[in-house]
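S.K.: Compact mmCIF, C-alpha atoms, saved as protein_39.txt, coming up:
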# COMPACT_ATOMS: atom_id res chain seq x y z
CA MET L 229 13.02 72.43 89.39
CA GLY L 230 13.16 75.38 91.76
CA SER L 231 14.06 78.82 90.44
CA LYS L 232 17.13 78.99 92.70
CA ASN L 233 18.36 75.70 91.28
CA LYS L 234 17.78 76.95 87.74
CA LEU L 235 19.72 80.14 88.38
CA LYS L 236 22.58 78.15 89.90
CA ARG L 237 22.73 75.95 86.81
CA PHE L 238 22.59 78.91 84.44
CA LYS L 239 25.52 80.47 86.30
CA GLU L 240 27.48 77.22 86.25
CA ASN L 241 26.85 76.82 82.51
CA GLU L 242 28.66 80.14 82.03
CA THR L 243 31.81 78.58 83.51
CA PHE L 244 31.79 75.52 81.25
CA GLN L 245 34.02 75.73 78.20
CA ASN L 246 31.79 73.22 76.41
CA VAL L 247 28.65 75.41 76.64
CA PHE L 248 27.74 78.24 74.26
CA GLN L 249 24.80 80.57 74.91
CA PRO L 250 24.66 83.11 72.07
CA THR L 251 21.96 85.76 71.88
CA ARG L 252 19.26 85.34 69.24
CA GLU L 253 20.54 88.49 67.50
CA GLU L 254 24.05 87.05 67.31
CA VAL L 255 22.72 83.83 65.82
CA VAL L 256 20.31 85.20 63.20
CA SER L 257 22.92 87.69 61.97
CA ASN L 258 25.30 84.76 61.37
CA ASN L 259 27.76 86.12 63.91
CA PHE L 260 28.02 82.89 65.90
CA PRO L 261 31.81 82.46 65.84
CA LEU L 262 31.92 78.66 65.52
CA ARG L 263 29.65 78.45 62.47
CA GLY L 264 31.74 76.65 59.86
CA LYS L 265 34.63 76.40 62.31
CA TRP L 266 33.57 73.72 64.80
CA ASN L 267 36.35 71.35 63.74
CA SER L 268 39.15 73.90 63.55
CA ASP L 269 38.31 76.23 66.43
CA PHE L 270 36.59 74.08 69.07
CA PHE L 271 37.21 70.36 68.62
CA LYS L 272 40.68 70.93 67.10
CA ASN L 273 40.33 67.88 64.84
CA GLN L 274 38.67 66.83 61.60
CA ASN L 275 36.44 64.14 63.09
CA PRO L 276 32.78 63.85 61.99
CA ILE L 277 30.28 66.19 63.68
CA ILE L 278 27.05 64.67 65.02
CA ILE L 279 24.36 66.91 66.50
CA GLU L 280 21.41 66.15 68.78
CA LEU L 281 18.43 68.45 68.36
CA GLY L 282 16.32 69.02 71.46
CA CYS L 283 18.94 67.29 73.59
CA GLY L 284 17.16 67.76 76.94
CA LYS L 285 19.49 66.70 79.74
CA GLY L 286 22.17 65.80 77.21
CA GLU L 287 22.17 62.11 78.08
CA TYR L 288 22.21 60.99 74.46
CA SER L 289 24.89 63.43 73.36
CA VAL L 290 27.14 62.42 76.23
CA GLY L 291 26.35 58.72 75.78
CA LEU L 292 27.20 58.80 72.09
CA ALA L 293 30.36 60.81 72.77
CA ALA L 294 31.51 58.25 75.34
CA HIS L 295 30.93 55.40 72.89
CA ASN L 296 32.55 57.25 69.96
CA PRO L 297 35.72 59.12 71.02
CA ASP L 298 36.64 59.49 67.32
CA LYS L 299 33.56 61.64 66.63
CA ASN L 300 32.41 65.09 67.80
CA PHE L 301 28.98 65.76 69.31
CA VAL L 302 26.95 68.92 69.83
CA GLY L 303 23.67 69.01 71.76
CA ILE L 304 21.20 71.79 70.94
CA ASP L 305 18.40 72.90 73.27
CA ILE L 306 16.80 76.17 74.33
CA LYS L 307 16.64 75.07 77.98
CA GLY L 308 20.12 75.49 79.43
CA ALA L 309 19.09 74.34 82.90
CA ARG L 310 18.33 70.95 81.38
CA PHE L 311 21.52 70.32 79.43
CA TRP L 312 23.54 71.53 82.41
CA ARG L 313 23.50 67.88 83.51
CA GLY L 314 25.13 66.64 80.31
CA ALA L 315 27.61 69.53 80.18
CA LYS L 316 28.67 68.94 83.79
CA THR L 317 29.08 65.21 83.23
CA ALA L 318 31.29 65.89 80.19
CA VAL L 319 33.40 68.36 82.18
CA ASP L 320 33.71 66.07 85.19
CA GLU L 321 34.73 63.11 83.03
CA GLY L 322 37.19 65.10 80.90
CA MET L 323 35.33 64.55 77.64
CA HIS L 324 36.53 66.88 74.91
CA ASN L 325 34.34 65.62 72.06
CA VAL L 326 30.99 66.98 73.24
CA ALA L 327 29.56 70.51 73.47
CA PHE L 328 26.19 72.19 74.00
CA VAL L 329 24.53 75.23 72.45
CA ARG L 330 21.56 77.03 73.96
CA THR L 331 19.41 78.13 71.05
CA GLN L 332 16.20 77.30 69.19
CA ILE L 333 16.15 74.32 66.83
CA GLU L 334 14.81 76.45 63.96
CA LEU L 335 18.05 78.45 64.09
CA VAL L 336 20.36 75.45 63.74
CA ASN L 337 21.43 76.49 60.21
CA HIS L 338 22.91 79.63 61.80
CA ILE L 339 24.95 77.49 64.23
CA PHE L 340 26.40 75.21 61.55
CA ALA L 341 27.49 76.04 58.02
CA ASP L 342 26.26 74.26 54.90
CA GLY L 343 27.62 70.72 54.79
CA GLU L 344 29.29 70.94 58.20
CA VAL L 345 27.32 68.17 59.91
CA ASP L 346 27.66 64.42 59.32
CA GLU L 347 24.70 63.15 61.29
CA ILE L 348 21.62 64.37 63.17
CA TRP L 349 19.85 62.75 66.11
CA ILE L 350 16.32 63.73 67.11
CA THR L 351 15.48 62.02 70.38
CA PHE L 352 11.98 61.99 71.86
CA PRO L 353 10.73 65.25 70.36
CA ASP L 354 7.32 66.67 71.21
CA PRO L 355 5.10 65.03 68.54
CA GLN L 356 2.94 68.17 68.26
CA ILE L 357 -0.12 66.03 67.53
CA LYS L 358 -2.62 68.84 66.90
CA TYR L 359 -2.85 69.75 63.21
CA LYS L 360 -2.25 73.44 63.87
CA ARG L 361 1.08 72.45 65.47
CA THR L 362 2.32 70.71 62.30
CA LYS L 363 4.82 73.50 61.61
CA HIS L 364 6.52 72.70 64.93
CA ARG L 365 7.04 68.98 64.24
CA MET L 366 10.77 68.45 63.97
CA THR L 367 10.51 66.21 60.91
CA ASN L 368 8.19 68.38 58.83
CA THR L 369 9.14 69.44 55.30
CA GLU L 370 10.61 72.81 56.30
CA PHE L 371 12.80 71.29 59.02
CA LEU L 372 14.02 68.59 56.61
CA LYS L 373 15.04 71.30 54.10
CA MET L 374 17.01 73.03 56.85
CA TYR L 375 18.70 69.79 57.95
CA LYS L 376 19.65 69.00 54.34
CA LYS L 377 21.54 72.31 54.11
CA ILE L 378 23.78 71.68 57.10
CA LEU L 379 24.29 67.97 56.39
CA LYS L 380 27.00 66.58 54.18
CA PRO L 381 25.67 64.87 51.00
CA THR L 382 26.15 61.50 52.75
CA GLY L 383 24.59 62.74 56.01
CA VAL L 384 21.86 60.84 57.83
CA VAL L 385 19.09 61.68 60.31
CA ASN L 386 18.04 59.47 63.23
CA LEU L 387 14.61 59.77 64.86
CA LYS L 388 14.02 57.93 68.12
CA THR L 389 10.63 58.41 69.75
CA ASP L 390 7.99 56.83 71.97
CA SER L 391 5.26 58.40 69.81
CA GLU L 392 3.64 56.09 67.26
CA PHE L 393 2.05 59.21 65.80
CA MET L 394 5.43 60.89 65.22
CA HIS L 395 6.85 57.66 63.81
CA GLY L 396 3.96 57.20 61.39
CA TYR L 397 3.82 60.86 60.39
CA THR L 398 7.54 60.90 59.64
CA LEU L 399 7.54 57.64 57.68
CA GLY L 400 4.60 58.81 55.59
CA LEU L 401 6.26 62.14 54.84
CA LEU L 402 9.60 60.51 53.98
CA HIS L 403 8.02 58.06 51.56
CA GLY L 404 5.74 60.74 50.10
CA GLU L 405 8.64 63.10 49.38
CA GLY L 406 10.96 60.39 48.05
CA HIS L 407 13.56 60.44 50.82
CA GLU L 408 15.64 57.31 51.53
CA VAL L 409 14.58 55.33 54.59
CA GLU L 410 17.55 53.16 55.60
CA TYR L 411 15.95 51.56 58.65
CA ALA L 412 12.59 51.76 60.41
CA ASN L 413 11.17 49.78 63.32
CA HIS L 414 8.11 50.19 65.54
CA ASN L 415 9.76 48.58 68.58
CA VAL L 416 13.56 48.58 68.58
CA TYR L 417 13.84 46.68 71.86
CA LYS L 418 11.89 43.76 70.38
CA ASN L 419 14.01 43.65 67.24
CA GLU L 420 17.32 41.78 67.40
CA GLY L 421 18.74 43.73 64.46
CA ALA L 422 18.32 47.17 66.03
CA PRO L 423 21.45 49.37 65.81
CA LYS L 424 23.52 49.25 68.97
CA GLU L 425 23.58 53.04 69.46
CA VAL L 426 19.78 53.01 69.54
CA THR L 427 19.41 50.47 72.34
CA SER L 428 22.62 50.93 74.34
CA ILE L 429 21.86 54.54 75.37
CA GLN L 430 18.69 55.32 77.29
CA THR L 431 17.45 58.68 78.53
CA PHE L 432 15.82 59.19 81.91
CA TYR L 433 12.34 59.30 80.40
CA GLU L 434 13.05 56.43 78.04
CA LYS L 435 13.76 54.16 80.99
CA GLN L 436 10.39 55.14 82.44
CA TYR L 437 8.67 54.32 79.14
CA LEU L 438 10.35 50.92 79.04
CA GLU L 439 9.24 50.14 82.60
CA ILE L 440 5.62 50.40 81.47
CA ASN L 441 6.37 48.45 78.25
CA LYS L 442 5.89 51.43 75.96
CA ALA L 443 7.37 50.75 72.53
CA ILE L 444 10.31 52.86 71.36
CA THR L 445 10.40 53.50 67.62
CA TYR L 446 13.33 54.41 65.40
CA ILE L 447 13.91 55.65 61.84
CA ARG L 448 17.23 56.29 60.09
CA PHE L 449 17.00 58.19 56.82
CA LYS L 450 18.73 60.33 54.20
CA ILE L 451 17.17 63.52 52.89
CA LYS L 452 17.01 63.69 49.09
I need this file expressed as structure tokens, please.

M.R.:
Amino acid sequence: MGSKNKLKRFKENETFQNVFQPTREEVVSNNFPLRGKWNSDFFKNQNPIIIELGCGKGEYSVGLAAHNPDKNFVGIDIKGARFWRGAKTAVDEGMHNVAFVRTQIELVNHIFADGEVDEIWITFPDPQIKYKRTKHRMTNTEFLKMYKKILKPTGVVNLKTDSEFMHGYTLGLLHGEGHEVEYANHNVYKNEGAPKEVTSIQTFYEKQYLEINKAITYIRFKIK
């Protein structure tokens, strides 16, 4: 994407009421105004809050929001020029149950209060295969501890990925730490019992993976 295009999208994001771009200082000092107040101050309802971490272009957040008007969705990504697409689609289509926040995933517990989130989606994260990158894998022990804090006691996490490594690493860690795996499959498009929300929404890159018959894996779990 050209730099001019990026700048244009950054500027347009500033005009969207469904986009929030707090400074890092504002976030880490717990001064993000919607923390603990997403239902009352932004969505203006008490519907469940579902977040997508590393939302990219926002296709999944918007897709889930379209399929579930009785739920609220928030996409999180550090690259605002990417989720501009999802934010613009939501604005153009008059969707009031989806928002986007430009911040780092490791700061998500400063964006949401303890127990504020009902469900988390992690879609096609970087698997960070090298051992020295373990601390950046979005399903490592430290990330799971952070997710547990912001999730309700009944909250669940969904991991959808094209990486067999990420799938295997996560399953092994979940079983090793005693978390509850509700569903796991190495190829959701070959399994008739796959949850509808997993197969009915496809990202741009996911469609490319499917064209070359690359398996898409999925895990749904609760953090103990």

S.K.: Which one of L:Thr243, L:Asn233, L:Asn273, L:Asn337 sits closest to Ile378 (chain L) if you count only C-alpha atoms?

M.R.: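 For Ile378 (chain L), the nearest of the candidates is L:Asn337.
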
S.K.: So that I can see what lies close to Cys283 (chain L), please list as a ChimeraX atom specification the residues with an atom at most 12 Å from it, counting only C-alpha atoms and leaving out residues fewer than 3 positions away in the same chain.

M.R.: /L:279-280,286-292,301-315,327-333,348-354,388,431

S.K.: Between CA of Lys380 (chain L) and CA of His324 (chain L), what is the distance in Å, rounded to a tenth?

M.R.: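 CA of His324 (chain L) lies 22.8 Å from CA of Lys380 (chain L).
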
S.K.: With distances taken over only C-alpha atoms, which residue among L:Arg263, L:Lys373, L:His395, L:Lys424 lies nearest Thr445 (chain L)?

M.R.: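 Of L:Arg263, L:Lys373, L:His395, L:Lys424, the one nearest Thr445 (chain L), counting only C-alpha atoms, is L:His395.
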
S.K.: Set the distance at 12 Å and use only C-alpha atoms: which residues neighbour region 355-358 of chain L once local chain neighbours fewer than 4 positions away are removed? I'd like the list as a list of chain:residue names.

M.R.: L:Ile350, L:Thr351, L:Thr362, L:Lys363, L:His364, L:Arg365, L:Met366, L:Thr367, L:Asn368, L:Leu387, L:Lys388, L:Thr389, L:Asp390, L:Ser391, L:Glu392, L:Phe393, L:Met394, L:His395, L:Gly396, L:Tyr397, L:Thr398

S.K.: Considering all atoms listed in the file, can you say which of L:Ile440, L:Thr369, L:Asp269, L:Asn246 comes closest to Gly404 (chain L)?

M.R.: L:Thr369

S.K.: Using only C-alpha atoms, pick whichever of L:Lys285, L:Arg237, L:Lys360, L:His338 has the shortest atom-to-atom distance to Thr251 (chain L).

M.R.: L:His338

S.K.: Taking every listed atom of region 284-300 of chain L and adding 5 Å to each side, what centre and edge lengths in Å (one decimal) does the axis-aligned box have, as JSON?

M.R.:
{"center_x": 26.9, "center_y": 61.6, "center_z": 73.2, "size_x": 29.5, "size_y": 22.4, "size_z": 23.1}

S.K.: Measuring atom to atom with all atoms listed in the file, identify which of L:Asn415, L:Gln249, L:Asn258, L:Asn275 is nearest to Tyr446 (chain L).

M.R.: L:Asn415

S.K.: Select, from L:Glu242, L:Asp320, L:Glu334, L:Glu425, the residue with the minimum atom-to-atom distance to Phe371 (chain L), counting all atoms listed in the file.

M.R.: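 Ranked by minimum distance to Phe371 (chain L), first place goes to L:Glu334.
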